[in-house]
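Remarks on the structure that follows.
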Amino acid sequence: MKVSLSWLKDYISLEMEPSDLAEALTMAGLEVEAVSDRYSYLDTVLVGKIVKIAPHPNADKLKLCDVDVGNRMVSVVCGAPNIKKNMFVPAALPGTVYPDGSVLSETLIRGVTSEAMLCSEAELGLGTDSSGVMTVNSSGAIGEKIAKALNLSDTVIEIDLTPNRPDCLSILGIAREVNAIQKNGITFPDADLPDANGDILSLASVTIEAPDHCPRYAARVVEDITVAPSPFWLQDRLMSVGLRPINNIVDVTNFVMMETGQPLHAFDFDQLEENRIVVRTAQKGEIFVTLDKKERKLTQDMLMICDGKKPVAIGGVMGGLNSEISENTKRVLIESAYFNPVSIRKTAKKLGLGSDASHRFERGVDLDGTVNALNRAAQLIAKIGKGKLVEGVIDENPEQYQPKQILLSVKDTNRLLGTQLVSNEIEDLLTSIDFAVESDRAKGGDGHLVVVPPSFRVDVTRPEDLMEEVARLSGYNNIPTTFPNIPAERGRLSKTLDTREDIRLAMTGFGFAEAINYVFTDDSSCDRLGFDQNDPRRSLLYILNPLTEEQSVMRTSLLPGLLETARRNMAQQIKDLKLFEIGKVFIHSEKDRLPDEKEMLAGIWTGRRLDASWHSSEEGCDFYDIKGVAEELLNYLKISEVVFTRISGKSPTYIRKGYSADVLVDGTILGVVGELSPETLLSYGIKQASYFFELNLSQLMPIIPELKQVKPIPKYPAIARDITVIIDKKIESEKVLLHIKQFNEEFMERVYLFDIFEGGSISENKKSVSFRVIYRSLSETLEDDKINKIHQSIAGRLLDAFDAELPE
């Protein structure tokens with residue numbers, strides 16, 4: 001919103017410097033983006049004196065002028081009939097930007113170079129006279145900037161208004177805000193109407209068929225007008241705020257819109273069939289040509305202004321070519337209406353057609369101010385257009401404006417703002433911007449204010465809105481700074497956040513990089529992973545308005561996102577990848593219910609086990625590498641009794657059969673680890689073996705111990721003994737290992753598998769497994785005899801439990 005201070009001064013006396021005013025408006029909630037001098041474009045136009053005039057050698061109607069511009073003499077080719085020697089003129093130098101946007105450059109005219117241009121009033125935007133060069137009444141200002149010589153100065157402030165302040169989309173709206181700051185009163189424009197004749201009801205009528213789109217429509221008629229260029233003062237006002245003058249009738253409607261904030265439209269009354277207005281919605285597929293000469297295809301929810309037979313305007317957006325004001329127009333019907341903001345916003349957006357009118361209507365105009373603006377426009381059109389006003393106003397108003405009372409608590413206002421304002425102070429602040437305020441104490445109330453916002457403040461509907469007005473009017477800088485009453489010591493993070501950070505620390509320590517993917521994925525991901533039809537992960541929750549088709553459902557697994565990330569990296573020739581992700585998956589349960597959310601951890605390892613180096617050969621990672629990562633992570637989280645065992649039941653399709661294991665803790669399956677099947681990898685465009693693990697963090701977190709247990713470093717040495725037994729090939733080594741641990745021998749500190757052997761002298765259906773047992777005492781050095789007895793006892797029990805044999 002551009003505001004010319006010279007225009008603003010017509011309504012309020014400014015007691016502040018422009019910079020101070022800009023600061024005050026910004027602190028009152030109206031952010032000033034820029035402050036500029038409207039006549040800065042004249043900085044390259046100087047006062048010059050014509051010292052010599054000579055005929056142009058190649059043109060009879062042109063003259064060659066030597067013009068003194070102070071520091072030098074310039075040669076100018078000029079065709080103006082009124083130039084004469086010793087005349088003071090405005091000389092525009094190359095680089096001057098004219099009001100119409102054209103830029104002056106040094107030009108060759110009929111073989112002679114013109115180094116400047118002598119300008120008329122109209123060319124400089126200082127008047128309407130274009131018949132000759134402007135005369136500057138100055139005798140001692142040669143070379144001075146023309147703006148300074150003519151004492152031209154008009155500061156323009158540009159305000160970035162928020163959408164909730166349509167009341168400030170007018171000069172009078174800004175005047176109200178300045179008055180709240182200065183408190184020196186506003187002078188409203190003269191609203192006296194000229195004498196009127198006839199009766200408008202005998203000439204025209206208005207019918208509203210869509211009251212939900214148009215709650216109010218008012219009209220007046222002016223006859224015997226003369227369409228002509230506007231007087232300079234009117235053109236100047238419009239140009240000061242960036243509007244282009246058109247003719248006196250259209251310019252008046254734009255002037256009143258900028259003055260009051262109420263958009264208006266003038267129809268050529270004689271072009272309206274049956275001399276009447278019908279407000280209706282468009283017919284499906286209806287075609288309409290707007291003032292910009294473009295055909296618009298309309299939909300049924302768009303509001304149209306029609307005459308007795310045809311549409312003549314798109315309501316609140318733009319008029320039609322078939323009823324525009326022309327030089328032959330003699331009678332005009334002036335429209336002033338209130339249109340539904342939502343309707344106008346949808347129409348303007350669908351048509352891609354924004355205008356100054358739609359900008360105001362879609363934010364909300366003053367429902368109670370339509371007739372006032374209409375009368376102001378009729379007054380000016382009758383005066384400037386030399387017309388005769390027809391008596392009466394047509395005011396179709398199906399929904400009467402009803403002022404709304406809002407109860408404002410002084411106590412709550414001070415509590416929320418952190419202020420200590422008393423009732424009278426709040427009342428003074430609100431009345432300064434035309435709010436009607438009454439205290440309920442006179443009626444036995446408890447310190448509340450009954451507030452009625454003015455009709456132009458469509459944004460104020462609740463007590464919190466009033467509190468915001470109190471805050472900005474009293475001054476944000478005047479609100480005391482307070483600090484929350486919280487302890488200074490740092491609070492502890494929740495266990496969930498702590499665990500996530502611990503996992504990130506561990507995984508990055510293992511050489512993995514964290515991936516962060518969208519929680520949205522493609523609904524084909526279940527098919528690509530080969531989930532069974534009864535797998536809960538096929539219970540997808542669809543997005544109503546997905547960003548893309550590839551992000552149409554909430555994910556039920558982290559693997560699709562990691563596989564897509566791996567594929568993109570491999571497309572960039574990054575073949576060795578170690579990725580992990582922590583995030584939630586969403587299992588749809590029932591309609592109209594929130595999905596079940598589970599926090600998961602997943603990792604992928606593909607490519608080489610170690611980076612290429614001179615001291616190691618290139619080997620690909622395998623199942624035991626990814627199992628080791630999962631095992632060490634659980635160990636890092638202090639989770640004991642972890643068991644890796646073959647997957648019970650049917651193995652999922654996306655896992656390579658025989659190369660996977662369930663992860664159990666205390667008999668509960670918490671995850672899975674294994675190799676991805678070639679078919680699954682191929683569906684994601686991955687052509688090398690890849691290994692993964694998945695852990696259910698929602699189940700895992702509750703069993704992570706919060707207390708850390710420590711024990712002293714052993715003083716006495718350990719003794720290691722090995723056990724090798726031959727067992728059936730189908731028996732899992734893990735079962736044998738668990739069986740040894742269950743013996744819970746007194747000095748047994750640790751036991752682990754260190755070798756498996758098949759073939760040779762061992763039967764085809766057998767295998768040799770070797771375990772190492774570490775013995776230690778915390779109080780003494782163990783002797784071999786004591787340990788040998790324990791060890792032999794363990795070996796004997798293993799032979800009985802698994803029908804095992806000792807190697808020969």
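Just remember, in the structure tokens the first chain shown is A, the second B, etc., residues are 1-based per chain, and ligands are 1-based in the order shown.
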Surrounding residues of Asp154 (chain A) excluding itself and chain neighbours under 5 positions, 6 Å, only C-alpha atoms, as a PyMOL selection string: chain A and resi 6+37-38
Surrounding residues of region 498-500 of chain A excluding itself and chain neighbours under 5 positions, 8 Å, only C-alpha atoms, as a list of chain:residue names: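 So the residues in contact are A:Leu493, A:Ile582, A:Met701.
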Considering only strand (DSSP E) as DSSP defines it on the backbone, what residues of region 93-250 of chain A qualify? List them as a short mmCIF file (atom, residue, chain, number, x, y, z; two decimals) with C-alpha atoms, in the first residue's frame.
```cif
data_model
loop_
_atom_site.label_atom_id
_atom_site.label_comp_id
_atom_site.auth_asym_id
_atom_site.auth_seq_id
_atom_site.Cartn_x
_atom_site.Cartn_y
_atom_site.Cartn_z
CA THR A 107 19.65 10.55 -29.91
CA LEU A 108 20.51 11.41 -33.52
CA ILE A 109 17.62 13.47 -34.95
CA VAL A 112 22.12 16.08 -35.62
CA THR A 113 22.85 14.75 -32.11
CA SER A 114 20.52 15.87 -29.36
CA MET A 117 15.46 17.08 -24.14
CA LEU A 118 13.41 20.16 -23.32
CA THR A 155 7.23 11.66 0.46
CA VAL A 156 5.66 8.30 -0.31
CA ILE A 157 5.67 5.56 2.30
CA GLU A 158 5.10 1.96 1.24
CA ILE A 159 3.44 -0.26 3.84
CA ASP A 160 3.51 -4.06 3.81
CA ALA A 196 -30.57 15.96 -7.84
CA ASN A 197 -33.45 15.48 -10.25
CA SER A 205 -33.35 -1.58 -10.59
CA VAL A 206 -31.08 -4.08 -8.82
CA THR A 207 -31.91 -7.75 -8.16
CA ILE A 208 -29.64 -9.94 -6.01
CA ARG A 216 -25.19 -5.75 -0.30
CA TYR A 217 -25.34 -3.88 -3.63
CA ALA A 218 -25.88 -0.13 -3.93
CA ALA A 219 -26.10 2.03 -7.06
CA ARG A 220 -26.54 5.65 -8.17
CA VAL A 221 -26.99 7.20 -11.62
CA VAL A 222 -25.43 10.40 -13.00
CA GLU A 223 -26.67 11.80 -16.32
#
```
Residues near Tyr691 (chain A), cut-off 8 Å, only C-alpha atoms, skip fewer than 5 positions along chain, as a VMD selection string: chain A and resid 604 to 606 622 to 623 626 673 to 676
Shell around Gly511 (chain A) at 10 Å using only C-alpha atoms, local window under 2 positions removed, as a compact mmCIF listing (two decimals) with N, CA and C atoms, in the first residue's frame:
```
# COMPACT_ATOMS: atom_id res chain seq x y z
N ALA A 506 26.33 -44.57 18.32
CA ALA A 506 26.88 -45.90 18.08
C ALA A 506 26.97 -46.22 16.59
N MET A 507 25.88 -45.93 15.85
CA MET A 507 25.86 -46.27 14.43
C MET A 507 26.88 -45.48 13.63
N THR A 508 27.04 -44.21 13.94
CA THR A 508 28.08 -43.44 13.26
C THR A 508 29.47 -43.95 13.64
N GLY A 509 29.59 -44.45 14.89
CA GLY A 509 30.86 -45.06 15.29
C GLY A 509 31.16 -46.33 14.53
N ALA A 513 26.14 -43.94 7.96
CA ALA A 513 25.65 -42.57 7.78
C ALA A 513 24.14 -42.58 7.96
N GLU A 514 23.61 -41.55 8.64
CA GLU A 514 22.17 -41.51 8.88
C GLU A 514 21.44 -40.97 7.66
N LEU A 577 28.14 -48.64 0.67
CA LEU A 577 27.19 -47.84 1.46
C LEU A 577 26.90 -48.51 2.79
N LYS A 578 26.87 -47.72 3.83
CA LYS A 578 26.44 -48.16 5.16
C LYS A 578 25.48 -47.09 5.66
N LEU A 579 24.17 -47.38 5.61
CA LEU A 579 23.13 -46.40 5.93
C LEU A 579 22.25 -46.89 7.06
```
Spatial neighbours of region 83-90 of chain A, max dist 12 Å, only C-alpha atoms, sep filter under 5 positions, as a PyMOL selection string: chain A and resi 42-54+62-70+76-78+96+116-121+123-124+126+131-150
Backbone-only DSSP, helix (DSSP H, G or I) members of region 197-360 of chain A, as a PyMOL selection string: chain A and resi 200-202+232-240+248-260+269-271+273-275+321-323+341-351+356-360
Selected residue of minimal separation from Arg331 (chain A) among A:Arg492, A:Lys297, A:Lys404, A:Lys386, counting only C-alpha atoms: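 Selected residue with least distance to Arg331 (chain A): A:Lys386.
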CA of Asp662 (chain A) to CA of Thr556 (chain A), straight-line distance in Å: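 Interatomic distance, CA of Thr556 (chain A) to CA of Asp662 (chain A): 18.9 Å.
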Closest of A:Ala24, A:Leu682, A:Ile756, A:Ile503 to Gln182 (chain A) - atom-to-atom distances counting only C-alpha atoms: A:Ala24
Pick from A:Ser432, A:Glu438, A:Ser455, A:Tyr518 nearest to Thr548 (chain A), counting only C-alpha atoms: A:Tyr518
